$ cat model29.txt   # compact mmCIF, C-alpha atoms
# COMPACT_ATOMS: atom_id res chain seq x y z
CA MET N 849 0.08 27.70 -6.52
CA LYS N 850 2.93 27.30 -4.05
CA LEU N 851 2.51 24.04 -2.17
CA THR N 852 4.56 22.36 0.55
CA ILE N 853 4.56 18.62 1.26
CA ILE N 854 6.07 17.49 4.57
CA GLY N 855 7.19 13.87 4.24
CA THR N 856 8.57 12.21 1.10
CA GLY N 857 7.35 8.63 1.49
CA TYR N 858 5.00 6.91 -0.95
CA VAL N 859 2.23 9.45 -0.41
CA GLY N 860 4.30 12.62 -0.07
CA LEU N 861 6.66 12.05 -2.98
CA VAL N 862 3.95 10.95 -5.42
CA THR N 863 1.69 13.83 -4.35
CA GLY N 864 4.48 16.38 -4.72
CA ALA N 865 5.54 15.09 -8.14
CA CYS N 866 1.97 15.05 -9.48
CA PHE N 867 1.22 18.53 -8.13
CA ALA N 868 4.33 19.80 -9.90
CA GLU N 869 3.35 17.94 -13.08
CA VAL N 870 0.11 19.98 -13.38
CA GLY N 871 1.95 23.27 -12.90
CA HIS N 872 2.13 24.01 -9.17
CA THR N 873 5.44 24.94 -7.53
CA VAL N 874 6.12 22.31 -4.88
CA TYR N 875 8.52 22.18 -1.93
CA CYS N 876 8.96 18.70 -0.47
CA VAL N 877 10.32 18.55 3.08
CA ASP N 878 11.99 15.57 4.74
CA ASN N 879 14.10 15.52 7.92
CA ASN N 880 16.37 12.84 6.41
CA GLU N 881 19.10 14.95 4.81
CA ALA N 882 20.63 11.99 2.95
CA LYS N 883 17.24 11.28 1.37
CA VAL N 884 16.85 14.94 0.41
CA LYS N 885 20.26 14.96 -1.29
CA MET N 886 19.36 11.78 -3.16
CA LEU N 887 16.13 13.35 -4.41
CA GLN N 888 17.85 16.59 -5.37
CA ALA N 889 20.32 14.54 -7.42
CA GLY N 890 17.52 12.71 -9.22
CA GLY N 891 17.55 9.52 -7.15
CA ILE N 892 14.31 7.80 -6.09
CA PRO N 893 14.09 5.87 -2.78
CA ILE N 894 11.01 3.86 -3.85
CA TYR N 895 9.77 2.11 -6.97
CA GLU N 896 6.51 3.36 -8.40
CA PRO N 897 5.71 3.15 -12.13
CA GLY N 898 6.16 6.54 -13.82
CA LEU N 899 7.40 8.31 -10.69
CA GLU N 900 11.12 8.55 -11.44
CA GLU N 901 10.57 10.16 -14.82
CA MET N 902 8.06 12.62 -13.38
CA VAL N 903 10.36 13.64 -10.52
CA LYS N 904 13.37 14.21 -12.79
CA LYS N 905 11.27 16.19 -15.28
CA ASN N 906 9.83 18.55 -12.68
CA VAL N 907 13.08 18.99 -10.74
CA ALA N 908 14.71 20.05 -14.02
CA ALA N 909 11.83 22.44 -14.70
CA GLY N 910 12.20 24.03 -11.25
CA ARG N 911 8.67 23.13 -10.17
CA LEU N 912 9.71 20.37 -7.73
CA ASN N 913 12.12 21.22 -4.92
CA PHE N 914 13.45 19.31 -1.91
CA THR N 915 14.62 20.60 1.45
CA ALA N 916 15.36 19.29 4.94
CA SER N 917 14.07 22.52 6.52
CA THR N 918 10.46 22.60 7.69
CA LYS N 919 10.87 26.33 8.29
CA GLU N 920 11.82 26.90 4.67
CA GLY N 921 8.95 24.74 3.44
CA VAL N 922 6.35 26.52 5.56
CA GLU N 923 7.63 29.94 4.54
CA LYS N 924 7.41 29.13 0.82
CA GLY N 925 4.11 27.26 0.69
CA ASP N 926 0.65 28.80 0.89
CA VAL N 927 -0.82 25.34 1.47
CA VAL N 928 1.14 22.91 3.67
CA PHE N 929 0.37 19.19 3.35
CA ILE N 930 1.29 16.79 6.15
CA ALA N 931 2.24 13.40 4.66
CA VAL N 932 4.26 11.75 7.41
CA PRO N 933 3.94 8.12 8.62
CA THR N 934 1.16 7.05 10.99
CA PRO N 935 2.41 3.58 11.97
CA PRO N 936 0.32 1.08 13.94
CA GLN N 937 0.89 0.45 17.63
CA PRO N 938 0.73 -3.02 19.23
CA ASP N 939 -2.93 -2.57 20.24
CA GLY N 940 -3.97 -1.57 16.71
CA SER N 941 -4.23 2.14 17.44
CA VAL N 942 -2.29 4.71 15.40
CA ASP N 943 0.97 6.32 16.47
CA LEU N 944 0.35 10.04 15.93
CA SER N 945 3.69 11.25 17.28
CA TYR N 946 4.97 12.21 13.80
CA ILE N 947 1.81 14.22 13.14
CA GLU N 948 2.14 16.01 16.49
CA THR N 949 5.82 16.82 15.90
CA VAL N 950 5.14 18.23 12.43
CA ALA N 951 2.20 20.28 13.73
CA ARG N 952 4.49 21.84 16.31
CA ASP N 953 7.18 22.51 13.72
CA ILE N 954 4.66 24.15 11.40
CA ALA N 955 3.36 26.28 14.27
CA ALA N 956 6.87 27.46 15.12
CA ALA N 957 7.58 28.42 11.50
CA MET N 958 4.30 30.19 10.65
CA THR N 959 4.35 33.97 10.21
CA SER N 960 1.29 34.37 7.97
CA TYR N 961 -2.00 32.64 7.17
CA LYS N 962 -1.56 29.03 6.08
CA ILE N 963 -3.83 26.18 5.09
CA ILE N 964 -2.60 23.06 6.92
CA VAL N 965 -3.73 19.89 5.15
CA ASP N 966 -3.69 16.47 6.75
CA LYS N 967 -2.84 14.05 3.94
CA SER N 968 -1.72 11.21 6.21
CA THR N 969 -4.26 8.55 7.15
CA VAL N 970 -5.36 9.47 10.67
CA PRO N 971 -8.13 8.56 13.14
CA VAL N 972 -11.25 10.67 13.23
CA LYS N 973 -10.85 13.84 15.34
CA THR N 974 -7.13 14.12 14.56
CA GLY N 975 -7.79 17.37 12.68
CA GLU N 976 -9.14 18.88 15.89
CA LYS N 977 -5.95 17.88 17.71
CA VAL N 978 -3.75 19.30 14.95
CA ALA N 979 -5.61 22.62 15.16
CA GLU N 980 -5.24 22.70 18.95
CA THR N 981 -1.51 21.95 18.71
CA ILE N 982 -0.82 24.64 16.12
CA LYS N 983 -2.81 27.20 18.06
CA ARG N 984 -0.90 26.31 21.24
CA TYR N 985 2.60 26.47 19.75
CA CYS N 986 2.23 29.29 17.19
CA LYS N 987 3.96 32.23 18.86
CA SER N 988 3.06 34.67 16.09
CA LYS N 989 -0.65 33.92 16.64
CA VAL N 990 -1.45 34.14 12.92
CA GLU N 991 -4.63 32.72 11.45
CA PHE N 992 -4.73 29.29 9.86
CA ASP N 993 -7.14 26.56 8.78
CA VAL N 994 -6.78 22.81 9.14
CA VAL N 995 -8.14 20.67 6.32
CA SER N 996 -8.47 16.90 5.97
CA ASN N 997 -7.64 15.68 2.44
CA PRO N 998 -7.25 11.88 2.58
CA GLU N 999 -5.30 10.07 -0.14
CA PHE N 1000 -6.66 7.09 -2.04
CA LEU N 1001 -3.49 5.93 -3.78
CA ARG N 1002 -2.83 2.29 -4.65
CA GLU N 1003 0.83 1.37 -4.52
CA GLY N 1004 1.87 0.33 -7.99
CA PHE N 1005 -0.75 2.65 -9.50
CA ALA N 1006 -0.20 5.75 -7.34
CA VAL N 1007 0.77 8.16 -10.13
CA GLU N 1008 -2.21 7.07 -12.21
CA ASP N 1009 -4.54 7.34 -9.20
CA LEU N 1010 -3.42 10.88 -8.36
CA MET N 1011 -3.45 12.14 -11.94
CA LYS N 1012 -6.91 10.64 -12.56
CA PRO N 1013 -8.62 10.41 -9.16
CA ASP N 1014 -12.11 9.00 -8.65
CA ARG N 1015 -12.84 11.86 -6.26
CA VAL N 1016 -11.14 14.45 -4.08
CA VAL N 1017 -12.32 14.77 -0.47
CA ILE N 1018 -11.86 18.08 1.36
CA GLY N 1019 -12.85 18.22 5.02
CA THR N 1020 -12.99 21.59 6.74
CA THR N 1021 -14.81 23.52 9.45
CA SER N 1022 -14.40 26.83 7.58
CA GLN N 1023 -15.26 28.05 4.10
CA ARG N 1024 -12.08 30.12 3.90
CA PRO N 1025 -9.74 27.36 2.57
CA VAL N 1026 -12.25 25.76 0.18
CA ALA N 1027 -11.53 27.95 -2.86
CA ALA N 1028 -7.76 27.44 -2.54
CA MET N 1029 -8.13 23.68 -2.11
CA LYS N 1030 -10.35 23.50 -5.18
CA GLU N 1031 -7.71 25.45 -7.10
CA VAL N 1032 -5.08 22.88 -6.07
CA TYR N 1033 -7.14 20.06 -7.56
CA THR N 1034 -8.87 21.76 -10.51
CA PRO N 1035 -6.19 20.57 -13.01
CA PHE N 1036 -7.02 16.93 -12.18
CA GLY N 1037 -10.64 17.24 -13.34
CA ALA N 1038 -12.10 15.05 -10.57
CA PRO N 1039 -15.32 15.43 -8.58
CA ILE N 1040 -14.61 17.38 -5.38
CA ILE N 1041 -16.52 16.52 -2.21
CA VAL N 1042 -16.49 19.07 0.61
CA THR N 1043 -17.36 17.69 4.05
CA ASP N 1044 -16.67 18.36 7.70
CA ILE N 1045 -13.24 17.24 8.93
CA ASN N 1046 -14.49 14.25 10.93
CA SER N 1047 -16.38 12.84 7.95
CA ALA N 1048 -13.34 13.25 5.68
CA GLU N 1049 -11.15 11.38 8.15
CA LEU N 1050 -13.69 8.56 8.43
CA ILE N 1051 -14.06 8.22 4.66
CA LYS N 1052 -10.49 6.90 4.28
CA HIS N 1053 -10.73 4.26 7.02
CA ALA N 1054 -14.23 3.25 5.92
CA ALA N 1055 -13.16 2.87 2.27
CA ASN N 1056 -10.03 0.81 2.95
CA SER N 1057 -11.81 -1.40 5.46
CA PHE N 1058 -14.58 -2.08 2.95
CA LEU N 1059 -12.04 -3.09 0.29
CA ALA N 1060 -10.33 -5.39 2.79
CA LEU N 1061 -13.76 -6.85 3.57
CA LYS N 1062 -14.31 -7.48 -0.14
CA ILE N 1063 -11.02 -9.39 -0.42
CA SER N 1064 -11.76 -11.49 2.66
CA TYR N 1065 -15.25 -12.18 1.35
CA ILE N 1066 -14.01 -13.63 -1.94
CA ASN N 1067 -11.35 -15.62 -0.08
CA ALA N 1068 -14.08 -17.12 2.10
CA VAL N 1069 -16.07 -17.90 -1.06
CA ALA N 1070 -12.93 -19.52 -2.50
CA ASN N 1071 -12.90 -21.93 0.41
CA ILE N 1072 -16.50 -22.88 -0.37
CA CYS N 1073 -15.53 -23.33 -4.01
CA GLU N 1074 -12.75 -25.74 -3.08
CA ALA N 1075 -15.12 -27.75 -0.91
CA SER N 1076 -17.78 -27.92 -3.62
CA GLY N 1077 -15.67 -28.26 -6.79
CA ALA N 1078 -16.65 -24.81 -8.07
CA ASN N 1079 -14.26 -22.26 -9.62
CA VAL N 1080 -13.86 -19.02 -7.65
CA GLU N 1081 -12.80 -17.05 -10.71
CA GLU N 1082 -16.02 -17.91 -12.51
CA VAL N 1083 -17.99 -17.05 -9.37
CA ALA N 1084 -16.15 -13.72 -9.04
CA THR N 1085 -16.77 -12.88 -12.69
CA GLY N 1086 -20.46 -13.59 -12.30
CA MET N 1087 -20.62 -11.49 -9.15
CA GLY N 1088 -18.52 -8.69 -10.59
CA MET N 1089 -20.78 -8.16 -13.60
CA ASP N 1090 -23.40 -6.90 -11.15
CA ILE N 1091 -22.80 -3.12 -11.25
CA ARG N 1092 -23.70 -2.91 -7.56
CA ILE N 1093 -20.69 -5.13 -6.75
CA GLY N 1094 -18.01 -4.72 -9.44
CA ARG N 1095 -15.14 -7.09 -10.27
CA ARG N 1096 -12.28 -5.19 -8.60
CA PHE N 1097 -10.90 -6.63 -5.34
CA LEU N 1098 -12.58 -9.97 -5.99
CA ASN N 1099 -9.37 -11.89 -6.64
CA ALA N 1100 -8.90 -14.86 -4.34
CA GLY N 1101 -5.41 -15.53 -3.03
CA ILE N 1102 -3.30 -15.81 0.09
CA GLY N 1103 -4.71 -12.64 1.64
CA PHE N 1104 -4.10 -8.90 1.63
CA GLY N 1105 -1.07 -7.14 3.09
CA GLY N 1106 0.92 -3.96 2.60
CA SER N 1107 1.22 -0.79 4.60
CA CYS N 1108 -2.44 0.29 4.31
CA PHE N 1109 -5.13 -2.38 4.57
CA PRO N 1110 -3.91 -4.24 7.70
CA LYS N 1111 -3.05 -0.98 9.47
CA ASP N 1112 -6.23 0.87 8.51
CA LEU N 1113 -8.40 -2.13 9.38
CA SER N 1114 -6.87 -2.41 12.85
CA ALA N 1115 -7.11 1.35 13.33
CA PHE N 1116 -10.80 1.45 12.36
CA ILE N 1117 -11.57 -1.36 14.79
CA LYS N 1118 -9.74 0.53 17.55
CA ILE N 1119 -11.38 3.84 16.63
CA SER N 1120 -14.79 2.16 16.79
CA GLU N 1121 -13.99 0.66 20.21
CA THR N 1122 -12.91 4.08 21.48
CA LEU N 1123 -16.24 5.49 20.29
CA GLY N 1124 -18.13 2.68 22.03
CA TYR N 1125 -18.89 0.38 19.09
CA ASP N 1126 -17.67 -3.19 18.65
CA PHE N 1127 -17.02 -3.51 14.89
CA ALA N 1128 -17.16 -7.30 14.97
CA LEU N 1129 -17.55 -7.53 11.19
CA LEU N 1130 -14.07 -6.09 10.65
CA LYS N 1131 -12.60 -8.45 13.24
CA GLU N 1132 -13.92 -11.32 11.14
CA VAL N 1133 -12.27 -9.78 8.07
CA GLN N 1134 -8.96 -9.94 9.94
CA ARG N 1135 -9.57 -13.54 11.01
CA ILE N 1136 -10.40 -14.67 7.47
CA ASN N 1137 -7.27 -12.96 6.15
CA ALA N 1138 -5.03 -14.68 8.69
CA ASN N 1139 -6.76 -18.03 8.10
CA GLN N 1140 -6.21 -17.73 4.34
CA MET N 1141 -2.45 -17.82 4.83
CA GLU N 1142 -2.68 -20.85 7.11
CA ARG N 1143 -4.89 -22.68 4.58
CA PHE N 1144 -2.37 -22.08 1.81
CA LEU N 1145 0.53 -23.21 3.98
CA LYS N 1146 -1.44 -26.38 4.77
CA LYS N 1147 -1.74 -27.08 1.02
CA ILE N 1148 2.03 -26.98 0.84
CA THR N 1149 2.58 -29.20 3.87
CA ASP N 1150 -0.17 -31.65 2.87
CA THR N 1151 1.52 -32.12 -0.50
CA LEU N 1152 5.19 -32.05 0.52
CA TRP N 1153 4.55 -33.54 3.98
CA VAL N 1154 7.71 -32.52 5.88
CA LEU N 1155 9.18 -29.16 4.83
CA ARG N 1156 12.49 -29.58 6.66
CA ASP N 1157 15.34 -29.52 4.14
CA LYS N 1158 12.89 -29.28 1.23
CA LYS N 1159 14.08 -26.78 -1.39
CA ILE N 1160 11.26 -24.46 -2.47
CA GLY N 1161 11.33 -21.72 -5.10
CA VAL N 1162 9.31 -18.58 -4.38
CA LEU N 1163 8.21 -16.09 -7.03
CA GLY N 1164 7.22 -12.76 -5.48
CA LEU N 1165 8.25 -10.94 -2.32
CA ALA N 1166 6.52 -7.55 -2.56
CA PHE N 1167 3.02 -7.41 -1.09
CA LYS N 1168 1.53 -6.81 -4.55
CA GLN N 1169 2.60 -6.25 -8.15
CA ASN N 1170 4.18 -3.00 -9.45
CA THR N 1171 5.80 -2.03 -6.15
CA ASP N 1172 8.95 -2.79 -4.19
CA ASP N 1173 7.10 -2.46 -0.87
CA CYS N 1174 7.51 -5.58 1.28
CA ARG N 1175 5.93 -4.20 4.45
CA THR N 1176 3.39 -6.66 5.86
CA SER N 1177 3.73 -8.68 2.66
CA PRO N 1178 1.87 -12.02 2.56
CA ALA N 1179 4.74 -13.33 0.43
CA ILE N 1180 7.29 -12.48 3.13
CA GLU N 1181 5.04 -13.95 5.83
CA LEU N 1182 4.71 -17.18 3.83
CA CYS N 1183 8.50 -17.35 3.40
CA GLN N 1184 8.99 -16.88 7.13
CA LYS N 1185 6.50 -19.64 7.92
CA MET N 1186 8.20 -22.06 5.53
CA LEU N 1187 11.63 -21.16 6.91
CA LYS N 1188 10.33 -21.87 10.40
CA GLU N 1189 9.37 -25.35 9.18
CA GLY N 1190 12.96 -25.87 8.00
CA ALA N 1191 12.51 -25.28 4.25
CA LYS N 1192 15.33 -23.92 2.10
CA LEU N 1193 14.12 -21.12 -0.16
CA ARG N 1194 15.22 -19.71 -3.51
CA VAL N 1195 13.42 -16.38 -4.08
CA TYR N 1196 12.91 -13.75 -6.78
CA ASP N 1197 10.98 -10.50 -7.15
CA PRO N 1198 11.22 -8.02 -10.06
CA LYS N 1199 11.48 -4.95 -7.81
CA GLY N 1200 11.32 -6.02 -4.15
CA MET N 1201 14.58 -7.93 -3.67
CA GLU N 1202 16.55 -5.22 -1.89
CA LYS N 1203 13.78 -4.35 0.56
CA ALA N 1204 13.06 -8.04 1.13
CA LYS N 1205 16.67 -8.49 2.22
CA ASP N 1206 15.98 -6.18 5.17
CA LEU N 1207 13.32 -8.67 6.31
CA LEU N 1208 14.65 -12.08 5.26
CA LYS N 1209 18.36 -11.26 5.68
CA ASP N 1210 20.55 -14.17 4.57
CA THR N 1211 18.03 -16.91 5.43
CA VAL N 1212 17.16 -17.44 1.74
CA THR N 1213 18.97 -17.65 -1.60
CA TYR N 1214 18.27 -14.63 -3.82
CA VAL N 1215 18.04 -15.42 -7.56
CA ASP N 1216 18.22 -12.75 -10.27
CA ASP N 1217 16.22 -14.63 -12.91
CA MET N 1218 12.63 -15.79 -12.44
CA ASP N 1219 13.13 -18.81 -14.69
CA ALA N 1220 16.07 -19.98 -12.53
CA VAL N 1221 14.17 -19.92 -9.24
CA ALA N 1222 12.85 -23.47 -9.75
CA ASP N 1223 16.28 -25.01 -10.40
CA GLY N 1224 16.67 -28.12 -8.26
CA CYS N 1225 13.62 -27.32 -6.14
CA ASP N 1226 11.03 -29.74 -4.78
CA ALA N 1227 8.25 -27.25 -5.55
CA LEU N 1228 7.55 -23.72 -6.79
CA VAL N 1229 5.38 -21.18 -4.97
CA ILE N 1230 3.84 -18.10 -6.64
CA ALA N 1231 3.23 -15.53 -3.91
CA THR N 1232 2.82 -12.17 -5.70
CA GLU N 1233 0.73 -11.45 -8.81
CA TRP N 1234 3.44 -9.88 -10.99
CA PRO N 1235 2.23 -9.94 -14.65
CA GLU N 1236 5.64 -11.14 -15.88
CA PHE N 1237 5.24 -14.36 -13.91
CA LYS N 1238 2.58 -15.35 -16.44
CA LYS N 1239 5.41 -15.45 -19.01
CA LEU N 1240 7.31 -18.05 -17.00
CA ASP N 1241 8.96 -20.67 -19.23
CA LEU N 1242 6.82 -23.55 -18.01
CA THR N 1243 8.62 -26.20 -20.06
CA ARG N 1244 11.93 -25.15 -18.50
CA THR N 1245 10.31 -24.94 -15.07
CA ARG N 1246 8.90 -28.45 -15.43
CA LYS N 1247 12.39 -29.82 -16.20
CA ALA N 1248 14.13 -27.68 -13.54
CA LEU N 1249 11.96 -28.90 -10.67
CA SER N 1250 12.92 -32.12 -8.92
CA HIS N 1251 9.18 -32.73 -8.63
CA PRO N 1252 6.72 -30.86 -10.92
CA ILE N 1253 4.73 -29.24 -8.10
CA VAL N 1254 3.44 -25.64 -8.28
CA PHE N 1255 1.53 -23.83 -5.53
CA ASP N 1256 -0.09 -20.78 -7.10
CA GLY N 1257 -1.25 -18.37 -4.41
CA ARG N 1258 -2.40 -15.81 -6.99
CA ASN N 1259 -4.22 -17.99 -9.56
CA LEU N 1260 -2.01 -16.87 -12.45
CA PHE N 1261 -2.30 -20.07 -14.49
CA ASP N 1262 -5.09 -22.24 -15.81
CA PRO N 1263 -5.37 -25.48 -13.80
CA LYS N 1264 -6.21 -27.66 -16.84
CA GLU N 1265 -3.28 -26.29 -18.85
CA MET N 1266 -0.87 -26.80 -15.94
CA GLU N 1267 -2.04 -30.38 -15.46
CA ALA N 1268 -1.73 -31.02 -19.21
CA LEU N 1269 1.90 -29.89 -18.96
CA GLY N 1270 2.47 -32.50 -16.26
CA PHE N 1271 2.37 -30.31 -13.16
CA ILE N 1272 0.80 -31.11 -9.81
CA TYR N 1273 -0.89 -27.72 -9.57
CA LYS N 1274 -2.51 -26.27 -6.44
CA SER N 1275 -4.22 -22.87 -6.59
CA VAL N 1276 -6.89 -21.02 -4.54
CA GLY N 1277 -10.60 -21.71 -4.87
CA ARG N 1278 -10.27 -23.82 -8.02

$ encode --input "model29.txt" --output "structure tokens"
Amino acid sequence: MKLTIIGTGYVGLVTGACFAEVGHTVYCVDNNEAKVKMLQAGGIPIYEPGLEEMVKKNVAAGRLNFTASTKEGVEKGDVVFIAVPTPPQPDGSVDLSYIETVARDIAAAMTSYKIIVDKSTVPVKTGEKVAETIKRYCKSKVEFDVVSNPEFLREGFAVEDLMKPDRVVIGTTSQRPVAAMKEVYTPFGAPIIVTDINSAELIKHAANSFLALKISYINAVANICEASGANVEEVATGMGMDIRIGRRFLNAGIGFGGSCFPKDLSAFIKISETLGYDFALLKEVQRINANQMERFLKKITDTLWVLRDKKIGVLGLAFKQNTDDCRTSPAIELCQKMLKEGAKLRVYDPKGMEKAKDLLKDTVTYVDDMDAVADGCDALVIATEWPEFKKLDLTRTRKALSHPIVFDGRNLFDPKEMEALGFIYKSVGR
């Protein structure tokens, strides 16, 4: 099929590359001409495992194309996916200005029937607004259908998630686009759920908010474990073996972050308020998440007492492993809080250093070797769960630290083993 993706961020670029990988011809549109030229030349603006190789392969094969012209993209694609940002506003609601602008641009470029697919995460009833906008601004008055097709991609596993999805959700008010949408996704071999548009839009916010709830729940349990002398990892394992619950998203730590969970949680709360329902449960999820960071910071200050002029090494800046995304990263937030207390930080991240520099500027010392982060420091903090951090040379780290203190916000090491090595070791819920 001939498919167009408008927006080449995490969702748009991964979606376009994976569609091309299964044999579709894809046209990716972005209004940033410099970004388009980079992509055409084989450059990748984001880190996502497996993505760079897939993009280069499909560009070379002629199945993946990039353009800065929405008109060209709309003309060439039979199905047009909208994958532009939907950033949060100060009150928690969603900024839909990018969606509205793209809908108008699509309307102006349409000369024949198109299926317009909302891939961006949007509030319920957005599909109705997109349809109204296209109808209003389409001078040629051609027929079209608007479909909601929410993405369920995890950063760091996005290629894997799209190539092997748990399910594909298609929301539509008409049967006309269903066959074409099923054809788009048939190569992926996933269950396809066809719903009305409003239900499809709610599925994404409901799913992400539930996962955020699950993380906050285990973090709350971790606090009980600390107070009682229990081990949260053993509790989570016991819970997770119940097939009704599952082990995923039951990892205690310093809280969730990133570009999805905090934004989608706030948006769902605001959507609910707009519809006349006070979703107090989700407000508590937010409170627990914020409190988790404060509790971890208190562990640091209780142990080190005054942070002013203390040198602290920090491993991890991205909001999670396998990504360079530092947006709303708990690791960055923790760094900022320690800097505010006067600490001097030495930091390292396998992929997130460059993007972290946009947030931390020159307030920290950037180190290019994880084993060197601890050199001369009063303590070491582990803030992101990168697998390679488990391979840290602990003997070297013990000698490099002025005081053998480790604050593990991701529970990467065994407390008994760390204590046997001579560390003062503080983790979460253990």

$ atom_distance --input "model29.txt" --atom1 "atom CA of N:Thr1232" --atom2 "atom CA of N:Asn1099"
12.2 Å

$ closest_residue --input "model29.txt" --among "N:Arg1092, N:Lys967, N:Lys1012, N:Lys1274" --to "N:Val995" --atoms "all atoms listed in the file"
N:Lys967

$ closest_residue --input "model29.txt" --among "N:Thr1122, N:Gln1140, N:Asn1259, N:Gln1169" --to "N:Tyr895" --atoms "all atoms listed in the file"
N:Gln1169

$ closest_residue --input "model29.txt" --among "N:Ile1066, N:Ala916, N:Val994, N:Met1087" --to "N:Ala882" --atoms "all atoms listed in the file"
N:Ala916

$ closest_residue --input "model29.txt" --among "N:Pro935, N:Gly857, N:Arg984, N:Phe929" --to "N:Asn997" --atoms "all atoms listed in the file"
N:Phe929

$ closest_residue --input "model29.txt" --among "N:Cys1183, N:Leu1152, N:Ala1068, N:Val1007" --to "N:Ile1253" --atoms "all atoms listed in the file"
N:Leu1152

$ atom_distance --input "model29.txt" --atom1 "atom CA of N:Val927" --atom2 "atom CA of N:Ile964"
6.2 Å

$ residues_around --input "model29.txt" --residues "N:Pro933" --least-positions-apart "6" --cutoff "8 Å" --atoms "only C-alpha atoms" --output "list in words"
Gly855, Gly857, Tyr946, Ile947 and Ser968 of chain N

$ write_last_selection --input "model29.txt" --atoms "C-alpha atoms" --output "mmCIF file, in the frame of the given file"
data_model
loop_
_atom_site.group_PDB
_atom_site.id
_atom_site.type_symbol
_atom_site.label_atom_id
_atom_site.label_comp_id
_atom_site.auth_asym_id
_atom_site.auth_seq_id
_atom_site.Cartn_x
_atom_site.Cartn_y
_atom_site.Cartn_z
ATOM 1 C CA GLY N 855 7.190 13.870 4.240
ATOM 2 C CA GLY N 857 7.350 8.630 1.490
ATOM 3 C CA TYR N 946 4.970 12.210 13.800
ATOM 4 C CA ILE N 947 1.810 14.220 13.140
ATOM 5 C CA SER N 968 -1.720 11.210 6.210
#

$ closest_residue --input "model29.txt" --among "N:Lys924, N:Asn906, N:Gly891, N:Leu1163" --to "N:Val877" --atoms "all atoms listed in the file"
N:Lys924

$ residues_around --input "model29.txt" --residues "N:Val1017" --least-positions-apart "2" --cutoff "12 Å" --atoms "only C-alpha atoms" --output "ChimeraX atom specification"
/N:965-967,995-1000,1013-1015,1019-1020,1026,1029-1030,1033,1038-1052

$ atom_distance --input "model29.txt" --atom1 "atom CA of N:Ile963" --atom2 "atom CA of N:Asp993"
5.0 Å

$ residues_around --input "model29.txt" --residues "stretch 1129-1132 of chain N" --least-positions-apart "2" --cutoff "10 Å" --atoms "all atoms listed in the file" --output "ChimeraX atom specification"
/N:1057-1058,1060-1061,1064-1065,1113-1114,1116-1117,1126-1127,1134-1138

$ residues_around --input "model29.txt" --residues "N:Glu869" --least-positions-apart "3" --cutoff "12 Å" --atoms "only C-alpha atoms" --output "PDB file with C-alpha atoms, in the coordinates of the input"
ATOM      1  CA  VAL N 862       3.950  10.950  -5.420  1.00  0.00           C
ATOM      2  CA  THR N 863       1.690  13.830  -4.350  1.00  0.00           C
ATOM      3  CA  GLY N 864       4.480  16.380  -4.720  1.00  0.00           C
ATOM      4  CA  ALA N 865       5.540  15.090  -8.140  1.00  0.00           C
ATOM      5  CA  CYS N 866       1.970  15.050  -9.480  1.00  0.00           C
ATOM      6  CA  HIS N 872       2.130  24.010  -9.170  1.00  0.00           C
ATOM      7  CA  THR N 873       5.440  24.940  -7.530  1.00  0.00           C
ATOM      8  CA  VAL N 874       6.120  22.310  -4.880  1.00  0.00           C
ATOM      9  CA  GLY N 898       6.160   6.540 -13.820  1.00  0.00           C
ATOM     10  CA  LEU N 899       7.400   8.310 -10.690  1.00  0.00           C
ATOM     11  CA  GLU N 901      10.570  10.160 -14.820  1.00  0.00           C
ATOM     12  CA  MET N 902       8.060  12.620 -13.380  1.00  0.00           C
ATOM     13  CA  VAL N 903      10.360  13.640 -10.520  1.00  0.00           C
ATOM     14  CA  LYS N 904      13.370  14.210 -12.790  1.00  0.00           C
ATOM     15  CA  LYS N 905      11.270  16.190 -15.280  1.00  0.00           C
ATOM     16  CA  ASN N 906       9.830  18.550 -12.680  1.00  0.00           C
ATOM     17  CA  VAL N 907      13.080  18.990 -10.740  1.00  0.00           C
ATOM     18  CA  ALA N 908      14.710  20.050 -14.020  1.00  0.00           C
ATOM     19  CA  ALA N 909      11.830  22.440 -14.700  1.00  0.00           C
ATOM     20  CA  GLY N 910      12.200  24.030 -11.250  1.00  0.00           C
ATOM     21  CA  ARG N 911       8.670  23.130 -10.170  1.00  0.00           C
ATOM     22  CA  LEU N 912       9.710  20.370  -7.730  1.00  0.00           C
ATOM     23  CA  VAL N1007       0.770   8.160 -10.130  1.00  0.00           C
ATOM     24  CA  LEU N1010      -3.420  10.880  -8.360  1.00  0.00           C
ATOM     25  CA  MET N1011      -3.450  12.140 -11.940  1.00  0.00           C
ATOM     26  CA  PRO N1035      -6.190  20.570 -13.010  1.00  0.00           C
ATOM     27  CA  PHE N1036      -7.020  16.930 -12.180  1.00  0.00           C
TER      28      PHE N1036
END

$ build_atoms --input "model29.txt" --residues "stretch 1137-1141 of chain N" --atoms "N, CA and C atoms" --output "mmCIF file, keeping the file's coordinate frame"
data_model
loop_
_atom_site.group_PDB
_atom_site.id
_atom_site.type_symbol
_atom_site.label_atom_id
_atom_site.label_comp_id
_atom_site.auth_asym_id
_atom_site.auth_seq_id
_atom_site.Cartn_x
_atom_site.Cartn_y
_atom_site.Cartn_z
ATOM 1 N N ASN N 1137 -8.539 -13.255 6.821
ATOM 2 C CA ASN N 1137 -7.270 -12.960 6.150
ATOM 3 C C ASN N 1137 -6.131 -13.788 6.737
ATOM 4 N N ALA N 1138 -6.077 -13.877 8.047
ATOM 5 C CA ALA N 1138 -5.030 -14.680 8.690
ATOM 6 C C ALA N 1138 -5.221 -16.161 8.381
ATOM 7 N N ASN N 1139 -6.466 -16.615 8.368
ATOM 8 C CA ASN N 1139 -6.760 -18.030 8.100
ATOM 9 C C ASN N 1139 -6.391 -18.411 6.671
ATOM 10 N N GLN N 1140 -6.509 -17.444 5.739
ATOM 11 C CA GLN N 1140 -6.210 -17.730 4.340
ATOM 12 C C GLN N 1140 -4.753 -18.136 4.160
ATOM 13 N N MET N 1141 -3.870 -17.474 4.885
ATOM 14 C CA MET N 1141 -2.450 -17.820 4.830
ATOM 15 C C MET N 1141 -2.216 -19.228 5.387
#
